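**Student:** Handing over final.cif, mmCIF, C-alpha atoms (C1' of nucleotides).
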data_final
loop_
_atom_site.label_atom_id
_atom_site.label_comp_id
_atom_site.auth_asym_id
_atom_site.auth_seq_id
_atom_site.Cartn_x
_atom_site.Cartn_y
_atom_site.Cartn_z
CA MET A 11 -43.73 66.40 4.67
CA PRO A 12 -41.58 63.34 4.08
CA LEU A 13 -37.98 63.87 3.12
CA TYR A 14 -38.35 62.55 -0.39
CA ARG A 15 -41.12 65.03 -1.11
CA GLN A 16 -39.06 67.85 0.32
CA LEU A 17 -36.18 66.90 -1.92
CA ALA A 18 -38.52 66.56 -4.88
CA ALA A 19 -39.81 70.06 -4.15
CA ILE A 20 -36.27 71.46 -4.08
CA LEU A 21 -35.43 69.87 -7.42
CA ARG A 22 -38.74 70.92 -8.90
CA GLY A 23 -37.97 74.47 -7.87
CA LYS A 24 -34.63 74.40 -9.66
CA ILE A 25 -36.29 73.13 -12.80
CA GLU A 26 -39.10 75.65 -12.75
CA SER A 27 -36.73 78.51 -12.00
CA GLY A 28 -34.59 77.51 -14.92
CA GLU A 29 -31.56 76.78 -12.77
CA LEU A 30 -31.82 73.37 -14.32
CA ALA A 31 -32.62 73.88 -17.99
CA LYS A 32 -34.32 71.48 -20.36
CA GLY A 33 -31.98 68.73 -21.37
CA ASP A 34 -29.68 69.35 -18.45
CA PRO A 35 -28.68 66.38 -16.36
CA LEU A 36 -29.82 66.33 -12.77
CA PRO A 37 -27.11 65.88 -10.20
CA SER A 38 -26.40 62.18 -9.83
CA GLU A 39 -27.98 60.09 -7.10
CA SER A 40 -24.72 59.85 -5.20
CA TYR A 41 -24.22 63.60 -5.37
CA LEU A 42 -27.72 64.30 -4.15
CA GLN A 43 -27.23 61.80 -1.36
CA GLN A 44 -24.22 63.59 -0.01
CA GLU A 45 -25.48 67.08 -0.79
CA HIS A 46 -28.68 66.57 1.16
CA SER A 47 -27.46 63.97 3.64
CA VAL A 48 -30.11 61.43 2.76
CA SER A 49 -30.02 57.84 1.66
CA ARG A 50 -30.07 56.73 -1.92
CA VAL A 51 -33.56 55.34 -1.47
CA THR A 52 -34.80 58.79 -0.56
CA VAL A 53 -33.08 60.37 -3.54
CA ARG A 54 -34.59 57.80 -5.85
CA LYS A 55 -38.05 58.33 -4.45
CA ALA A 56 -37.70 62.07 -4.95
CA VAL A 57 -36.61 61.62 -8.55
CA GLU A 58 -39.45 59.15 -9.04
CA VAL A 59 -41.91 61.87 -8.06
CA LEU A 60 -40.50 64.20 -10.71
CA ARG A 61 -40.52 61.41 -13.26
CA ASP A 62 -44.17 60.73 -12.52
CA GLU A 63 -44.81 64.44 -13.01
CA GLY A 64 -43.08 64.31 -16.38
CA LEU A 65 -40.51 66.89 -15.34
CA VAL A 66 -37.55 64.61 -15.83
CA ILE A 67 -36.58 61.59 -17.84
CA THR A 68 -34.21 58.93 -16.60
CA LEU A 69 -31.97 57.11 -19.03
CA PRO A 70 -30.71 53.89 -17.50
CA GLN A 71 -27.01 53.96 -16.71
CA ARG A 72 -26.83 57.45 -18.16
CA GLY A 73 -28.50 59.81 -15.79
CA THR A 74 -31.68 61.78 -15.25
CA PHE A 75 -32.40 64.81 -17.40
CA VAL A 76 -34.82 67.68 -17.34
CA ALA A 77 -37.62 66.86 -19.77
CA GLU A 78 -38.02 68.93 -22.88
CA LYS A 79 -41.76 69.19 -22.62
CA LYS A 80 -43.62 71.53 -20.30
CA MET B 6 -19.82 43.09 10.55
CA PRO B 7 -20.64 44.15 7.00
CA LEU B 8 -18.75 42.53 4.16
CA TYR B 9 -16.94 45.67 3.12
CA ARG B 10 -15.54 46.11 6.62
CA GLN B 11 -14.48 42.50 6.74
CA LEU B 12 -12.66 42.93 3.45
CA ALA B 13 -11.13 46.18 4.65
CA ALA B 14 -9.90 44.35 7.74
CA ILE B 15 -8.30 41.63 5.64
CA LEU B 16 -6.49 44.15 3.47
CA ARG B 17 -5.49 46.22 6.48
CA GLY B 18 -3.98 43.09 7.98
CA LYS B 19 -1.89 42.46 4.90
CA ILE B 20 -0.61 46.01 4.98
CA GLU B 21 0.20 45.99 8.67
CA SER B 22 1.88 42.61 8.44
CA GLY B 23 4.04 43.85 5.60
CA GLU B 24 2.66 41.35 3.12
CA LEU B 25 1.75 44.45 1.18
CA ALA B 26 4.70 46.81 1.48
CA LYS B 27 4.71 50.57 1.10
CA GLY B 28 4.35 51.55 -2.51
CA ASP B 29 3.01 48.17 -3.51
CA PRO B 30 -0.14 48.09 -5.58
CA LEU B 31 -3.18 46.51 -4.06
CA PRO B 32 -4.82 43.77 -6.11
CA SER B 33 -7.18 45.35 -8.64
CA GLU B 34 -10.86 45.72 -7.93
CA SER B 35 -11.76 42.98 -10.36
CA TYR B 36 -9.25 40.62 -8.77
CA LEU B 37 -10.52 41.31 -5.28
CA GLN B 38 -14.06 40.80 -6.49
CA GLN B 39 -13.35 37.34 -7.78
CA GLU B 40 -10.96 36.42 -5.01
CA HIS B 41 -13.47 37.21 -2.29
CA SER B 42 -16.65 36.57 -4.25
CA VAL B 43 -18.08 40.00 -3.59
CA SER B 44 -19.34 42.76 -5.83
CA ARG B 45 -17.28 45.63 -7.05
CA VAL B 46 -19.31 47.99 -4.90
CA THR B 47 -18.21 46.09 -1.84
CA VAL B 48 -14.59 46.08 -2.93
CA ARG B 49 -14.71 49.80 -3.55
CA LYS B 50 -16.24 50.48 -0.18
CA ALA B 51 -13.55 48.42 1.50
CA VAL B 52 -10.81 50.32 -0.29
CA GLU B 53 -12.56 53.55 0.56
CA VAL B 54 -12.26 52.68 4.24
CA LEU B 55 -8.51 52.19 3.90
CA ARG B 56 -8.23 55.39 1.91
CA ASP B 57 -10.03 57.27 4.66
CA GLU B 58 -7.61 55.74 7.12
CA GLY B 59 -4.70 56.98 5.05
CA LEU B 60 -3.35 53.48 4.54
CA VAL B 61 -3.64 53.56 0.76
CA ILE B 62 -3.70 56.04 -2.07
CA THR B 63 -5.66 55.57 -5.24
CA LEU B 64 -4.39 56.85 -8.54
CA PRO B 65 -7.18 57.04 -11.11
CA GLN B 66 -6.76 54.60 -13.96
CA ARG B 67 -3.60 53.31 -12.33
CA GLY B 68 -4.51 51.46 -9.21
CA THR B 69 -4.42 51.72 -5.46
CA PHE B 70 -1.12 51.66 -3.61
CA VAL B 71 -0.02 51.22 -0.05
CA ALA B 72 0.69 54.67 1.33
CA GLU B 73 4.25 55.60 2.22
CA LYS B 74 3.35 57.30 5.43
CA LYS B 75 2.54 55.56 8.70
"C1'" DG C 27 -0.06 57.52 -34.09
"C1'" DC C 28 -3.16 53.64 -33.24
"C1'" DC C 29 -5.41 49.73 -31.20
"C1'" DC C 30 -6.37 47.16 -27.09
"C1'" DA C 31 -6.50 45.47 -22.44
"C1'" DT C 32 -6.60 47.02 -17.82
"C1'" DT C 33 -8.18 49.86 -14.15
"C1'" DT C 34 -10.66 53.19 -11.81
"C1'" DG C 35 -14.75 56.50 -12.09
"C1'" DT C 36 -19.54 57.12 -12.57
"C1'" DA C 37 -24.44 56.05 -12.87
"C1'" DC C 38 -28.66 53.64 -12.54
"C1'" DG C 39 -31.42 49.11 -11.49
"C1'" DT C 40 -32.64 45.88 -7.99
"C1'" DA C 41 -33.09 43.39 -3.66
"C1'" DT C 42 -32.81 42.52 1.33
"C1'" DG C 43 -32.59 43.71 6.16
"C1'" DT C 44 -33.50 46.89 9.94
"C1'" DA C 45 -35.76 50.55 12.43
"C1'" DT C 46 -39.25 54.04 13.47
"C1'" DG C 47 -43.83 56.19 13.73
"C1'" DG D 25 -49.99 46.81 8.57
"C1'" DC D 26 -47.84 50.44 6.07
"C1'" DA D 27 -44.89 54.35 4.75
"C1'" DT D 28 -40.64 56.34 5.47
"C1'" DA D 29 -35.71 56.01 5.73
"C1'" DC D 30 -31.31 54.05 6.51
"C1'" DA D 31 -27.49 50.59 5.26
"C1'" DT D 32 -25.79 46.89 2.76
"C1'" DA D 33 -24.99 44.33 -1.44
"C1'" DC D 34 -25.84 42.32 -5.71
"C1'" DG D 35 -25.74 43.58 -11.05
"C1'" DT D 36 -25.18 46.22 -15.52
"C1'" DA D 37 -23.37 49.63 -18.49
"C1'" DC D 38 -20.45 53.04 -20.13
"C1'" DA D 39 -16.72 56.70 -19.69
"C1'" DA D 40 -11.97 58.02 -19.20
"C1'" DA D 41 -7.17 57.42 -18.67
"C1'" DT D 42 -3.12 54.69 -18.75
"C1'" DG D 43 0.30 51.66 -20.70
"C1'" DG D 44 1.95 48.04 -23.81
"C1'" DG D 45 2.66 46.44 -28.25
#
Give the structure from the file, written as structure tokens.

**Tutor:**
Amino acid sequence: MPLYRQLAAILRGKIESGELAKGDPLPSESYLQQEHSVSRVTVRKAVEVLRDEGLVITLPQRGTFVAEKK
Amino acid sequence: MPLYRQLAAILRGKIESGELAKGDPLPSESYLQQEHSVSRVTVRKAVEVLRDEGLVITLPQRGTFVAEKK
DNA sequence: GCCCATTTGTACGTATGTATG
DNA sequence: GCATACATACGTACAAATGGG
């Protein structure tokens, strides 16, 4: 599995487990980069997956947040 | 060589030559941006290099200063 | 105490180049 | 050719703290 999908799976798990609650901000791109030792491109692709799944919402220049809906 | 390393080299030169003495503030990020026609990201990466080398210390909301130590 | 400019901190958006499988 | 992944580098926007007046 490509890195960005692995990272997406990790984040998805934290959302589904409730570790990241609705409305909570996801860790920032730069944090996720360092935390998982991947490039920003990879982080962004991972977040894009979750966005496409409707699990998170990204507010430009603000951050990405766990979506309210289920 | 990437731009940020080139800029870091320029600043390092000014420190080592004494043009920027210990305790002196470095030019601000916005000044360096305009002076060298680069983005703020590039300036910040250059300064980060010097910080990692221990040549400068950055005080949040104050500026970056030439380190006292050698 | 209050504005206001300056400066660094943070965060996302976008684009290009390079390399690998 | 294409997807993946890294690095570099541009921009925009806003937050937070400091210091001067």

**Student:** Quick one, how far is atom CA of B:Gly28 from atom CA of B:Leu16?

**Tutor:**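 Separation between atom CA of B:Gly28 and atom CA of B:Leu16: 14.4 Å.
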
**Student:** Hey, which of A:Ile67, A:Val57, A:Ile20, A:Val51 ends up closest to C:DT40? Count only C-alpha atoms (C1' of nucleotides).

**Tutor:**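 For C:DT40, the nearest of the candidates is A:Val51.
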
**Student:** What residues in chain C have any atom no more than 9 Å from chain A when counting only C-alpha atoms (C1' of nucleotides), and can you write them as a list of chain:residue names?

**Tutor:**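 Using only C-alpha atoms (C1' of nucleotides), chain C residues at most 9 Å from chain A: C:DT36, C:DA37, C:DC38, C:DG39.
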
**Student:** Specify as a compact mmCIF listing (two decimals) with C-alpha atoms, keeping the file's coordinate frame each residue included when the PyMOL selection byres ((chain A and resi 65) around 10) is applied to this file.

**Tutor:**
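Dumped to out_13.txt:
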# COMPACT_ATOMS: atom_id res chain seq x y z
CA LEU A 21 -35.43 69.87 -7.42
CA ARG A 22 -38.74 70.92 -8.90
CA ILE A 25 -36.29 73.13 -12.80
CA GLU A 26 -39.10 75.65 -12.75
CA LYS A 32 -34.32 71.48 -20.36
CA VAL A 57 -36.61 61.62 -8.55
CA VAL A 59 -41.91 61.87 -8.06
CA LEU A 60 -40.50 64.20 -10.71
CA ARG A 61 -40.52 61.41 -13.26
CA ASP A 62 -44.17 60.73 -12.52
CA GLU A 63 -44.81 64.44 -13.01
CA GLY A 64 -43.08 64.31 -16.38
CA VAL A 66 -37.55 64.61 -15.83
CA ILE A 67 -36.58 61.59 -17.84
CA PHE A 75 -32.40 64.81 -17.40
CA VAL A 76 -34.82 67.68 -17.34
CA ALA A 77 -37.62 66.86 -19.77
CA GLU A 78 -38.02 68.93 -22.88
CA LYS A 79 -41.76 69.19 -22.62
CA LYS A 80 -43.62 71.53 -20.30

**Student:** Between D:DG45, D:DA33, D:DA27, D:DA40, which is the closest to C:DC28 once you count all atoms listed in the file?

**Tutor:**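 Using all atoms listed in the file, the shortest distance to C:DC28 belongs to D:DG45.
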
**Student:** Do a neighbour search on C:DA45 at 10 Å with all atoms listed in the file, toss out local chain neighbours closer than 2 positions, and write the hits as a ChimeraX atom specification.

**Tutor:** /C:43,47 /D:29-30

**Student:** What are the residues of chain D lining chain A at 12 Å or less? Count all atoms listed in the file, and put the answer as a PyMOL selection string.

**Tutor:** chain D and resi 27-32+35-39

**Student:** State, in Å with one decimal place, the distance from atom CA of B:Ala13 to atom CA of B:Ala26.

**Tutor:**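 A separation of 16.2 Å between them.
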
**Student:** Around (-0.5, 40.2, -26.4) in the file's frame, which residues reach within 12 Å when counting all atoms listed in the file? Return as a PyMOL selection string?

**Tutor:** (chain C and resi 29-31) or (chain D and resi 44-45)

**Student:** Kindly compute an axis-aligned box around the listed atoms of stretch 33-45 of chain C, allowing 6 Å on each side, and express its centre and edge lengths in Å to one decimal as AutoDock Vina command-line options.

**Tutor:**
--center_x -22.0 --center_y 49.8 --center_z -0.9 --size_x 39.6 --size_y 26.6 --size_z 38.6
